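> See model_30.txt below, with compact mmCIF, C-alpha atoms and all ligand atoms.
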```txt
# COMPACT_ATOMS: atom_id res chain seq x y z
CA MET A 1 12.04 -18.39 28.78
CA THR A 2 12.11 -14.72 29.71
CA HIS A 3 9.38 -12.99 31.66
CA TYR A 4 8.18 -11.37 28.40
CA GLU A 5 8.09 -14.66 26.50
CA ARG A 6 6.02 -16.25 29.26
CA ALA A 7 3.56 -13.33 29.15
CA VAL A 8 3.25 -13.71 25.36
CA GLN A 9 2.64 -17.44 25.66
CA ARG A 10 -0.14 -16.81 28.18
CA LYS A 11 -1.72 -14.25 25.81
CA LEU A 12 -1.53 -16.62 22.84
CA ASP A 13 -3.21 -19.39 24.88
CA GLU A 14 -5.93 -16.94 25.94
CA LEU A 15 -6.53 -15.92 22.31
CA LYS A 16 -7.84 -19.38 21.45
CA ARG A 17 -10.77 -18.82 23.83
CA LYS A 18 -11.47 -15.18 23.01
CA PRO A 19 -14.39 -14.16 20.76
CA HIS A 20 -12.47 -11.18 19.35
CA VAL A 21 -8.83 -10.37 18.68
CA ARG A 22 -7.90 -6.69 18.95
CA ILE A 23 -4.62 -5.55 17.44
CA LEU A 24 -2.94 -2.16 17.76
CA ALA A 25 -0.84 -1.42 14.68
CA ILE A 26 1.68 1.29 13.85
CA GLU A 27 2.86 2.45 10.42
CA THR A 28 5.84 4.79 9.87
CA SER A 29 7.43 3.43 6.67
CA CYS A 30 7.31 6.70 4.73
CA ASP A 31 5.58 10.03 5.28
CA GLU A 32 2.52 9.18 7.40
CA THR A 33 2.64 8.53 11.15
CA ALA A 34 -0.29 6.19 11.70
CA ALA A 35 -1.80 4.01 14.43
CA ALA A 36 -5.02 2.00 14.47
CA VAL A 37 -6.90 -0.63 16.43
CA VAL A 38 -8.70 -3.33 14.41
CA ALA A 39 -10.80 -6.24 15.68
CA ASP A 40 -10.50 -9.62 13.95
CA GLY A 41 -8.61 -8.10 11.03
CA ARG A 42 -11.87 -6.65 9.68
CA THR A 43 -13.54 -4.16 12.06
CA VAL A 44 -11.76 -0.81 12.37
CA LEU A 45 -12.14 0.55 15.93
CA SER A 46 -9.88 3.55 15.28
CA ASN A 47 -7.61 4.80 12.48
CA ALA A 48 -5.37 7.80 13.26
CA VAL A 49 -3.10 9.27 10.58
CA HIS A 50 -0.77 12.26 10.84
CA THR A 51 0.38 13.18 7.35
CA GLN A 52 3.73 14.89 6.76
CA ILE A 53 2.74 16.23 3.32
CA PRO A 54 3.11 19.93 4.33
CA LEU A 55 6.61 19.22 5.69
CA HIS A 56 7.90 17.63 2.48
CA ALA A 57 5.95 19.73 -0.06
CA PRO A 58 8.54 22.54 -0.23
CA PHE A 59 11.15 19.94 -1.32
CA GLY A 60 8.95 18.29 -3.96
CA GLY A 61 9.34 14.84 -2.38
CA VAL A 62 9.92 12.97 0.87
CA VAL A 63 13.09 14.01 2.74
CA PRO A 64 14.06 10.93 4.82
CA GLU A 65 15.67 12.81 7.73
CA ILE A 66 12.65 15.12 8.10
CA ALA A 67 10.34 12.08 7.94
CA SER A 68 12.17 10.26 10.77
CA ARG A 69 12.22 13.32 13.01
CA SER A 70 8.53 14.03 12.49
CA HIS A 71 7.64 10.38 13.25
CA VAL A 72 9.55 10.69 16.56
CA GLN A 73 7.64 13.86 17.43
CA LYS A 74 4.18 12.57 16.56
CA ILE A 75 4.11 8.87 17.29
CA GLY A 76 3.19 9.14 20.98
CA ALA A 77 0.19 11.37 20.29
CA VAL A 78 -0.97 9.32 17.31
CA VAL A 79 -0.89 6.05 19.30
CA ARG A 80 -2.74 7.69 22.21
CA LEU A 81 -5.35 8.99 19.77
CA ALA A 82 -5.85 5.51 18.26
CA LEU A 83 -6.26 3.91 21.71
CA GLY A 84 -8.54 6.73 22.87
CA GLU A 85 -10.83 6.52 19.82
CA ALA A 86 -11.05 2.76 20.24
CA GLY A 87 -11.84 3.30 23.93
CA LEU A 88 -9.20 0.75 24.94
CA THR A 89 -6.15 0.66 27.18
CA LEU A 90 -2.94 -1.22 26.35
CA ASN A 91 -3.93 -4.05 28.67
CA GLU A 92 -7.14 -4.69 26.74
CA LEU A 93 -5.25 -5.38 23.50
CA ASP A 94 -4.27 -8.81 22.18
CA ALA A 95 -1.19 -7.93 20.10
CA VAL A 96 0.95 -5.07 18.79
CA ALA A 97 1.92 -4.93 15.11
CA VAL A 98 4.13 -2.65 13.05
CA THR A 99 5.37 -2.23 9.48
CA SER A 100 8.90 -3.65 9.51
CA GLY A 101 9.70 -3.10 5.80
CA PRO A 102 10.13 -2.16 3.06
CA GLY A 103 10.41 1.61 3.45
CA LEU A 104 12.77 4.34 4.63
CA VAL A 105 15.00 2.71 7.23
CA GLY A 106 15.10 5.65 9.65
CA ALA A 107 11.34 6.06 9.44
CA LEU A 108 10.68 2.32 9.87
CA LEU A 109 12.90 2.20 12.96
CA VAL A 110 10.80 4.80 14.78
CA GLY A 111 7.59 2.74 14.51
CA LEU A 112 9.41 -0.53 15.09
CA SER A 113 11.11 0.66 18.29
CA TYR A 114 7.92 2.23 19.61
CA ALA A 115 5.86 -0.91 18.91
CA LYS A 116 8.49 -3.14 20.56
CA GLY A 117 8.46 -0.92 23.64
CA LEU A 118 4.67 -1.17 23.91
CA ALA A 119 4.64 -4.94 23.35
CA TYR A 120 7.36 -5.47 25.95
CA ALA A 121 5.76 -3.19 28.53
CA ALA A 122 2.30 -4.77 28.17
CA GLY A 123 3.51 -8.36 27.65
CA LEU A 124 1.77 -8.60 24.27
CA PRO A 125 2.60 -10.69 21.18
CA PHE A 126 4.57 -8.65 18.64
CA LEU A 127 4.25 -8.85 14.84
CA GLY A 128 6.25 -7.26 12.04
CA VAL A 129 4.23 -6.73 8.87
CA HIS A 130 5.36 -6.38 5.25
CA HIS A 131 4.16 -3.04 3.84
CA ILE A 132 2.79 -4.61 0.65
CA ALA A 133 0.99 -7.32 2.62
CA ALA A 134 -0.61 -4.47 4.58
CA HIS A 135 -1.76 -2.69 1.39
CA ILE A 136 -3.31 -5.96 0.17
CA ALA A 137 -5.05 -6.48 3.54
CA ALA A 138 -6.73 -3.05 3.19
CA ASN A 139 -9.22 -4.96 1.02
CA TYR A 140 -10.36 -7.08 3.99
CA LEU A 141 -11.37 -3.86 5.80
CA SER A 142 -13.70 -2.89 2.97
CA TYR A 143 -14.89 -6.42 2.13
CA PRO A 144 -15.15 -8.45 5.37
CA ALA A 145 -16.29 -11.50 3.37
CA LEU A 146 -13.18 -11.49 1.15
CA THR A 147 -10.78 -14.37 1.86
CA PRO A 148 -7.73 -15.73 0.02
CA PRO A 149 -6.99 -16.98 -2.55
CA PHE A 150 -7.30 -14.02 -4.92
CA THR A 151 -5.18 -12.10 -7.43
CA CYS A 152 -4.09 -8.56 -6.51
CA LEU A 153 -2.51 -5.61 -8.30
CA VAL A 154 -0.45 -3.55 -5.86
CA ALA A 155 0.42 -0.10 -7.26
CA SER A 156 2.10 2.31 -4.87
CA GLY A 157 4.89 4.88 -4.82
CA GLY A 158 7.59 2.27 -4.33
CA HIS A 159 6.08 -0.91 -5.81
CA SER A 160 4.04 -2.23 -8.72
CA HIS A 161 3.36 -5.93 -8.43
CA ILE A 162 0.81 -8.48 -9.53
CA ILE A 163 0.53 -10.99 -6.71
CA VAL A 164 -1.43 -14.16 -6.12
CA VAL A 165 -2.52 -14.07 -2.48
CA GLU A 166 -2.52 -17.82 -1.90
CA ASP A 167 -3.39 -17.62 1.77
CA TYR A 168 -3.15 -15.13 4.66
CA ASP A 169 0.56 -14.42 4.73
CA ARG A 170 1.46 -16.49 1.64
CA TYR A 171 2.16 -14.61 -1.59
CA ARG A 172 3.33 -15.47 -5.08
CA LEU A 173 4.71 -12.68 -7.25
CA ILE A 174 3.69 -13.13 -10.90
CA GLY A 175 4.34 -9.69 -12.39
CA ARG A 176 6.35 -6.60 -11.50
CA THR A 177 7.61 -3.33 -12.88
CA ARG A 178 10.99 -3.52 -14.57
CA ASP A 179 11.80 0.09 -13.63
CA ASP A 180 9.61 2.80 -12.02
CA ALA A 181 6.63 1.97 -9.80
CA ALA A 182 3.30 3.30 -11.13
CA GLY A 183 3.02 5.91 -8.35
CA GLU A 184 6.60 6.99 -8.95
CA ALA A 185 5.80 7.57 -12.65
CA PHE A 186 2.72 9.63 -11.66
CA ASP A 187 4.86 11.67 -9.26
CA LYS A 188 7.64 12.30 -11.79
CA VAL A 189 5.27 13.32 -14.60
CA ALA A 190 3.35 15.53 -12.15
CA ARG A 191 6.59 17.28 -11.28
CA VAL A 192 7.45 18.10 -14.92
CA LEU A 193 3.89 19.37 -15.36
CA GLY A 194 4.61 21.79 -12.50
CA LEU A 195 2.19 20.16 -10.05
CA PRO A 196 2.94 20.17 -6.32
CA TYR A 197 3.87 17.10 -4.24
CA PRO A 198 2.22 14.63 -3.85
CA GLY A 199 2.02 14.32 -7.61
CA GLY A 200 -0.38 11.39 -8.11
CA PRO A 201 -3.58 12.91 -6.74
CA ASN A 202 -2.79 16.31 -8.26
CA LEU A 203 -2.18 14.76 -11.67
CA GLU A 204 -5.50 12.93 -11.38
CA GLN A 205 -7.27 16.25 -10.72
CA LEU A 206 -5.65 17.88 -13.77
CA ALA A 207 -6.39 14.81 -15.92
CA MET A 208 -10.11 15.17 -15.16
CA GLN A 209 -10.14 18.34 -17.25
CA GLY A 210 -8.19 16.86 -20.15
CA ASP A 211 -8.77 14.70 -23.23
CA PRO A 212 -7.20 11.26 -22.65
CA THR A 213 -7.17 10.48 -26.39
CA ARG A 214 -5.24 13.62 -27.39
CA TYR A 215 -1.75 12.08 -27.16
CA ARG A 216 -0.69 8.48 -27.63
CA PHE A 217 2.19 7.05 -25.65
CA ARG A 218 2.86 3.58 -27.05
CA SER A 219 5.31 1.22 -25.46
CA ALA A 220 6.30 -2.04 -27.08
CA PHE A 221 7.32 -3.69 -23.81
CA ASN A 222 3.90 -3.27 -22.24
CA GLU A 223 2.14 -4.56 -25.35
CA GLY A 224 3.97 -7.88 -24.99
CA GLU A 225 2.55 -11.10 -23.60
CA GLY A 226 4.35 -10.97 -20.23
CA LEU A 227 2.90 -9.78 -16.94
CA ASP A 228 5.78 -7.40 -16.12
CA PHE A 229 5.39 -3.71 -16.90
CA SER A 230 7.65 -0.74 -17.56
CA PHE A 231 6.75 2.90 -16.90
CA SER A 232 10.05 4.67 -17.32
CA GLY A 233 9.78 4.92 -21.14
CA ILE A 234 6.25 6.35 -20.94
CA LYS A 235 7.39 8.94 -18.41
CA THR A 236 10.30 9.93 -20.71
CA ALA A 237 7.93 10.17 -23.69
CA VAL A 238 5.71 12.62 -21.79
CA VAL A 239 8.72 14.69 -20.72
CA ASN A 240 10.06 14.74 -24.30
CA ARG A 241 6.68 15.77 -25.70
CA LEU A 242 6.55 18.68 -23.28
CA HIS A 243 10.14 19.80 -23.92
CA ASN A 244 9.87 19.50 -27.72
CA ALA A 245 6.71 21.60 -27.72
CA GLU A 246 8.33 24.20 -25.47
CA GLN A 247 11.38 24.41 -27.72
CA ALA A 248 9.22 24.78 -30.82
CA GLY A 249 7.21 27.48 -29.05
CA GLU A 250 4.00 25.41 -29.36
CA ALA A 251 1.27 25.58 -26.75
CA VAL A 252 0.74 22.28 -24.96
CA ASN A 253 -2.45 21.46 -23.19
CA ARG A 254 -1.17 20.19 -19.82
CA ALA A 255 -4.52 18.69 -18.89
CA ASP A 256 -4.58 16.67 -22.14
CA LEU A 257 -1.04 15.51 -21.47
CA ALA A 258 -1.94 14.47 -17.90
CA ALA A 259 -5.10 12.68 -19.05
CA SER A 260 -3.27 10.87 -21.89
CA PHE A 261 -0.45 9.77 -19.58
CA GLN A 262 -2.91 8.57 -16.95
CA LYS A 263 -4.93 6.63 -19.54
CA THR A 264 -1.78 4.93 -20.86
CA VAL A 265 -0.70 3.77 -17.37
CA VAL A 266 -4.22 2.80 -16.30
CA ASP A 267 -4.82 0.73 -19.45
CA ILE A 268 -1.57 -1.20 -18.96
CA LEU A 269 -2.27 -1.92 -15.28
CA ALA A 270 -5.88 -2.92 -15.91
CA GLU A 271 -5.13 -5.07 -18.96
CA LYS A 272 -2.22 -6.96 -17.34
CA SER A 273 -3.88 -7.53 -14.00
CA VAL A 274 -7.14 -8.84 -15.50
CA ARG A 275 -5.12 -11.09 -17.82
CA ALA A 276 -3.11 -12.29 -14.81
CA ALA A 277 -6.26 -13.12 -12.86
CA LYS A 278 -7.78 -14.95 -15.83
CA ALA A 279 -4.68 -17.13 -16.07
CA GLN A 280 -5.04 -18.40 -12.48
CA SER A 281 -6.77 -21.66 -11.73
CA GLY A 282 -9.35 -22.01 -8.97
CA GLU A 283 -10.61 -19.12 -6.84
CA ALA A 284 -7.65 -16.83 -7.60
CA GLY A 285 -8.98 -16.77 -11.17
CA THR A 286 -12.35 -15.44 -10.07
CA LYS A 287 -11.33 -12.55 -7.78
CA LEU A 288 -9.15 -9.53 -8.56
CA ALA A 289 -8.26 -6.91 -5.94
CA LEU A 290 -6.45 -3.57 -6.21
CA ALA A 291 -4.20 -2.09 -3.51
CA GLY A 292 -1.53 0.56 -2.82
CA GLY A 293 -1.62 4.35 -2.98
CA VAL A 294 -2.46 4.45 -6.72
CA SER A 295 -5.64 2.46 -5.96
CA ALA A 296 -7.10 5.84 -4.92
CA ASN A 297 -7.07 6.78 -8.63
CA ARG A 298 -10.64 6.77 -9.92
CA ALA A 299 -9.70 6.13 -13.53
CA LEU A 300 -7.76 3.01 -12.48
CA ARG A 301 -10.57 1.74 -10.23
CA GLU A 302 -13.13 2.23 -13.00
CA ALA A 303 -11.00 0.69 -15.75
CA MET A 304 -10.19 -2.38 -13.66
CA GLU A 305 -13.76 -2.82 -12.57
CA ALA A 306 -15.05 -2.61 -16.16
CA ARG A 307 -12.46 -5.04 -17.54
CA ALA A 308 -12.91 -7.48 -14.67
CA LYS A 309 -16.67 -7.41 -15.17
CA ARG A 310 -16.31 -8.18 -18.89
CA ALA A 311 -14.10 -11.14 -17.94
CA GLY A 312 -16.61 -12.37 -15.33
CA ILE A 313 -14.18 -11.66 -12.49
CA ALA A 314 -15.25 -10.10 -9.16
CA PHE A 315 -13.40 -6.84 -8.46
CA TYR A 316 -12.38 -5.42 -5.06
CA CYS A 317 -10.69 -2.17 -4.08
CA PRO A 318 -10.28 -0.55 -0.65
CA ALA A 319 -12.31 2.44 0.56
CA PHE A 320 -10.38 5.67 -0.15
CA GLU A 321 -9.14 6.12 3.43
CA TYR A 322 -7.42 2.72 3.30
CA CYS A 323 -5.75 3.19 -0.12
CA THR A 324 -2.77 5.32 0.93
CA ASP A 325 -0.58 4.51 3.94
CA ASN A 326 -2.50 3.85 7.18
CA ALA A 327 -2.18 1.51 10.15
CA ALA A 328 -5.61 -0.17 9.96
CA MET A 329 -4.34 -2.19 6.99
CA VAL A 330 -1.24 -3.16 9.01
CA ALA A 331 -3.45 -4.49 11.82
CA SER A 332 -5.49 -6.48 9.31
CA ALA A 333 -2.37 -8.07 7.78
CA ALA A 334 -1.05 -8.83 11.30
CA TYR A 335 -4.28 -10.65 12.10
CA GLY A 336 -3.66 -12.84 9.05
CA ARG A 337 -0.18 -13.67 10.38
CA LEU A 338 -1.54 -14.39 13.83
CA LEU A 339 -4.13 -16.76 12.29
CA GLN A 340 -1.20 -18.71 10.85
CA GLY A 341 0.32 -18.89 14.35
CA ARG A 342 3.12 -16.43 13.54
CA THR A 343 4.58 -13.81 15.86
CA ASP A 344 8.00 -12.12 15.86
CA ALA A 345 10.81 -11.78 18.37
CA LEU A 346 11.61 -8.32 19.75
CA SER A 347 14.96 -8.62 17.98
CA LEU A 348 13.20 -8.12 14.59
CA ASN A 349 15.04 -5.50 12.55
CA ALA A 350 13.80 -3.02 9.95
CA ALA A 351 14.14 -4.46 6.42
CA PRO A 352 14.15 -1.58 3.92
CA TYR A 353 14.21 -3.86 0.82
CA LEU A 354 12.31 -6.95 1.99
CA SER A 355 10.60 -8.97 -0.78
CA ILE A 356 7.04 -10.12 -0.05
CA GLU A 357 7.74 -13.74 -0.96
CA GLU A 358 10.55 -14.04 1.62
CA ARG A 359 8.47 -12.68 4.45
O1 LIG B 1 0.96 3.42 -0.86
P1 LIG B 1 1.40 4.80 -0.78
O2 LIG B 1 0.62 5.75 0.10
O3 LIG B 1 2.90 4.85 -0.32
C1 LIG B 1 3.82 3.89 -0.76
O4 LIG B 1 3.78 2.77 -0.21
O5 LIG B 1 4.54 4.21 -1.72
O6 LIG B 1 1.43 5.33 -2.26
C2 LIG B 1 1.81 6.62 -2.56
C3 LIG B 1 1.79 6.75 -4.08
C4 LIG B 1 2.37 8.06 -4.53
O7 LIG B 1 3.23 7.82 -5.63
C5 LIG B 1 1.15 8.85 -4.92
O8 LIG B 1 1.40 9.82 -5.90
C6 LIG B 1 0.26 7.75 -5.46
O9 LIG B 1 0.45 6.69 -4.56
N1 LIG B 1 -1.15 8.17 -5.47
C7 LIG B 1 -1.88 8.34 -6.59
C8 LIG B 1 -3.16 8.80 -6.17
N2 LIG B 1 -3.16 8.87 -4.81
C9 LIG B 1 -1.92 8.48 -4.39
N3 LIG B 1 -1.57 8.16 -7.89
C10 LIG B 1 -2.52 8.42 -8.79
N4 LIG B 1 -3.75 8.87 -8.48
C11 LIG B 1 -4.11 9.06 -7.20
N5 LIG B 1 -5.34 9.50 -6.88
ZN ZN B 2 2.31 2.37 0.96
```
Could you express the structure from this file as structure tokens?
Ligand code: KG4
Ligand code: ZN

Amino acid sequence: MTHYERAVQRKLDELKRKPHVRILAIETSCDETAAAVVADGRTVLSNAVHTQIPLHAPFGGVVPEIASRSHVQKIGAVVRLALGEAGLTLNELDAVAVTSGPGLVGALLVGLSYAKGLAYAAGLPFLGVHHIAAHIAANYLSYPALTPPFTCLVASGGHSHIIVVEDYDRYRLIGRTRDDAAGEAFDKVARVLGLPYPGGPNLEQLAMQGDPTRYRFRSAFNEGEGLDFSFSGIKTAVVNRLHNAEQAGEAVNRADLAASFQKTVVDILAEKSVRAAKAQSGEAGTKLALAGGVSANRALREAMEARAKRAGIAFYCPAFEYCTDNAAMVASAAYGRLLQGRTDALSLNAAPYLSIEER
């Protein structure tokens, strides 16, 4: 056993007697540099986020090299801010956690290396967290009484999954996108509508002024019985509608187009996820949660809540500040792993394409 491994073992033994477990987590999988301290996976003591949106906006999307460099520049200050706001020093923590995948590999490696350095220096248990597991765990921050099992729709920029959360750190994938993620479709349609990056929230703003029933974007695949979805065809239909109108010299109401697109995507996500929850036996059939960046979309939150209510299913979605990437959700997911007795070796590598079931 190395000196570090002995220190970790001592910490893990101590944890059994401690009233509270405080985890520092770091998130650098994409374009936010974030650090947070969370107690018992539920109580947020600090949540610091440095967003890179202004750096990527001129390019209309995330530039991986710029993201990695900015993470390197900011991570020290962001971690210090998180510790400072929590009023804690490294030695008062119980574990260090970090997003280890999926995400941009260069960006992931910045957070991973930094977290390993802290864990090693302070002799603390180290945990790698799956980014989707972290998004799901954002719900525990907003609903401390929520416990697995439950069904969850995860809709972000890189993923759209329906997952049964069987236990802390045990997931079963029951539906997924066949092509674009929901957030990716929002971003692409926003771009053709001339909206700035990040597209999703800007499209939502425009959609608020439009008529969602003006255009219909049908898609046979999504009307089927399965729990998988497909957004690429809907995105193409919106683009074609816009181009055809432009070529014919017709005026198109961009707000109506945005609202109609949003309604189409929201209806599919809400319908499939409520149907998925209903099909589960036991507790997972009575609770439906929403997670991922697109969970910040009000139309989606409202549609899911209304449908879940009609089906007699309890609905959960994170507070707005925990919807998009942040480190508080990473700390919460790490606590779930720790509860299951899991920690990771400092040799853990970044896994840009890791599936949640393998983790
Ligand atoms: O979870 P997230 O912050 O990063 C990933 O893990 O991908 O999600 C970002 C995605 C982007 O595609 C963004 O456009 C979308 O979430 N998004 C939204 C809204 N806020 C963020 N999409 C629709 N409406 C929103 N209000
Ligand atoms: Zn995310």
> Report, in Å with one decimal, the straight-line distance from CA of His159 (chain A) to CA of Leu141 (chain A).
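Separating CA of His159 (chain A) from CA of Leu141 (chain A) is a distance of 21.2 Å.
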> Determine, using all atoms listed in the file, which residues of chain A have any atom at most 9 Å from an atom of ligand ZN 2 (chain B), and tabulate each with its shortest atom pair and distance in Å to one decimal place, rows ordered by chain and then rising number, as CSV.

```
residue,atom,partner,partner_atom,distance
A:Ser29,CA,B:ZN2,ZN,7.7
A:Cys30,CA,B:ZN2,ZN,7.6
A:Gly103,CA,B:ZN2,ZN,8.5
A:His131,CA,B:ZN2,ZN,6.4
A:Ile132,CA,B:ZN2,ZN,7.0
A:Ala134,CA,B:ZN2,ZN,8.3
A:His135,CA,B:ZN2,ZN,6.5
A:Ala155,CA,B:ZN2,ZN,8.8
A:Ser156,CA,B:ZN2,ZN,5.8
A:Gly157,CA,B:ZN2,ZN,6.8
A:Gly158,CA,B:ZN2,ZN,7.5
A:His159,CA,B:ZN2,ZN,8.4
A:Gly292,CA,B:ZN2,ZN,5.7
A:Gly293,CA,B:ZN2,ZN,5.9
A:Cys323,CA,B:ZN2,ZN,8.2
A:Thr324,CA,B:ZN2,ZN,5.9
A:Asp325,CA,B:ZN2,ZN,4.7
A:Asn326,CA,B:ZN2,ZN,8.0
```
> My list of candidates is A:Ala255, A:Tyr197, A:Ala35, A:His161. Which is closest to Leu55 (chain A) when distances are computed with only C-alpha atoms?
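Answer, going by the shortest atom-to-atom distance: A:Tyr197.
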> May I have the residues within 8 Å of Phe186 (chain A) as a PDB file with C-alpha atoms, in the frame of the given file, using only C-alpha atoms and disregarding those fewer than 5 positions away in the same chain?

```pdb
ATOM      1  CA  GLY A 199       2.020  14.320  -7.610  1.00  0.00           C
ATOM      2  CA  GLY A 200      -0.380  11.390  -8.110  1.00  0.00           C
ATOM      3  CA  LEU A 203      -2.180  14.760 -11.670  1.00  0.00           C
ATOM      4  CA  GLN A 262      -2.910   8.570 -16.950  1.00  0.00           C
TER       5      GLN A 262
END
```
> Between A:Ala333, A:Leu288, A:Val129, A:Ala299, which one has atoms that come closest to ligand LIG 1 (chain B), using all atoms listed in the file?
A:Ala299
> When you count all atoms listed in the file, which of these residues is closest to Arg310 (chain A): A:Val96, A:Ala289, A:Ile26, A:Val274?
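Closest candidate: A:Val274.
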> For CA of Ala306 (chain A) and CA of Lys287 (chain A), quote the distance in Å rounded to one decimal.
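Taking CA of Ala306 (chain A) as the start and CA of Lys287 (chain A) as the end point, the length is 13.5 Å.
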> Would you work out the distance separating CA of Ala279 (chain A) from CA of Ala182 (chain A), expressed in Å to one decimal?
22.5 Å
> Can you tell me, as a count of residues only, what residues are no more than 10 Å from region 224-234 of chain A when counting all atoms listed in the file, ignoring any on the same chain fewer than 5 positions away?
34
> Tell me which of A:Glu250, A:Glu85, A:Glu5, A:Asp169 sits closest to Gly341 (chain A), counting all atoms listed in the file.
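Distance minimum relative to Gly341 (chain A) lands on A:Asp169.
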> Using all atoms listed in the file, which protein or nucleic acid residues come within 9 Å of Leu109 (chain A)? Drop anything in the same chain fewer than 3 positions from it, and give the result as a PyMOL selection string.
chain A and resi 28-29+68+100+104-106+112-114+349-350
> Output C-alpha atoms for every residue in that selection, as a CSV table (one decimal), keeping the file's coordinate frame.

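Output contents, as saved in selection.csv:
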```csv
chain,number,residue,atom,x,y,z
A,28,THR,CA,5.8,4.8,9.9
A,29,SER,CA,7.4,3.4,6.7
A,68,SER,CA,12.2,10.3,10.8
A,100,SER,CA,8.9,-3.6,9.5
A,104,LEU,CA,12.8,4.3,4.6
A,105,VAL,CA,15.0,2.7,7.2
A,106,GLY,CA,15.1,5.6,9.6
A,112,LEU,CA,9.4,-0.5,15.1
A,113,SER,CA,11.1,0.7,18.3
A,114,TYR,CA,7.9,2.2,19.6
A,349,ASN,CA,15.0,-5.5,12.6
A,350,ALA,CA,13.8,-3.0,10.0
```
> Mind working out the centre and edge lengths of an axis-aligned box for region 85-89 of chain A, all listed atoms inside, 5 Å added to each side, rounded to one decimal in Å and written as AutoDock Vina command-line options?

```
--center_x -9.0 --center_y 3.6 --center_z 23.5 --size_x 15.7 --size_y 15.9 --size_z 17.4
```
> Point out the residue among A:Ile356, A:Ala291, A:Ala77, A:Ala97 with the least atom-to-atom distance to ligand LIG 1 (chain B), counting all atoms listed in the file.
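Smallest distance to ligand LIG 1 (chain B) is found for A:Ala291.
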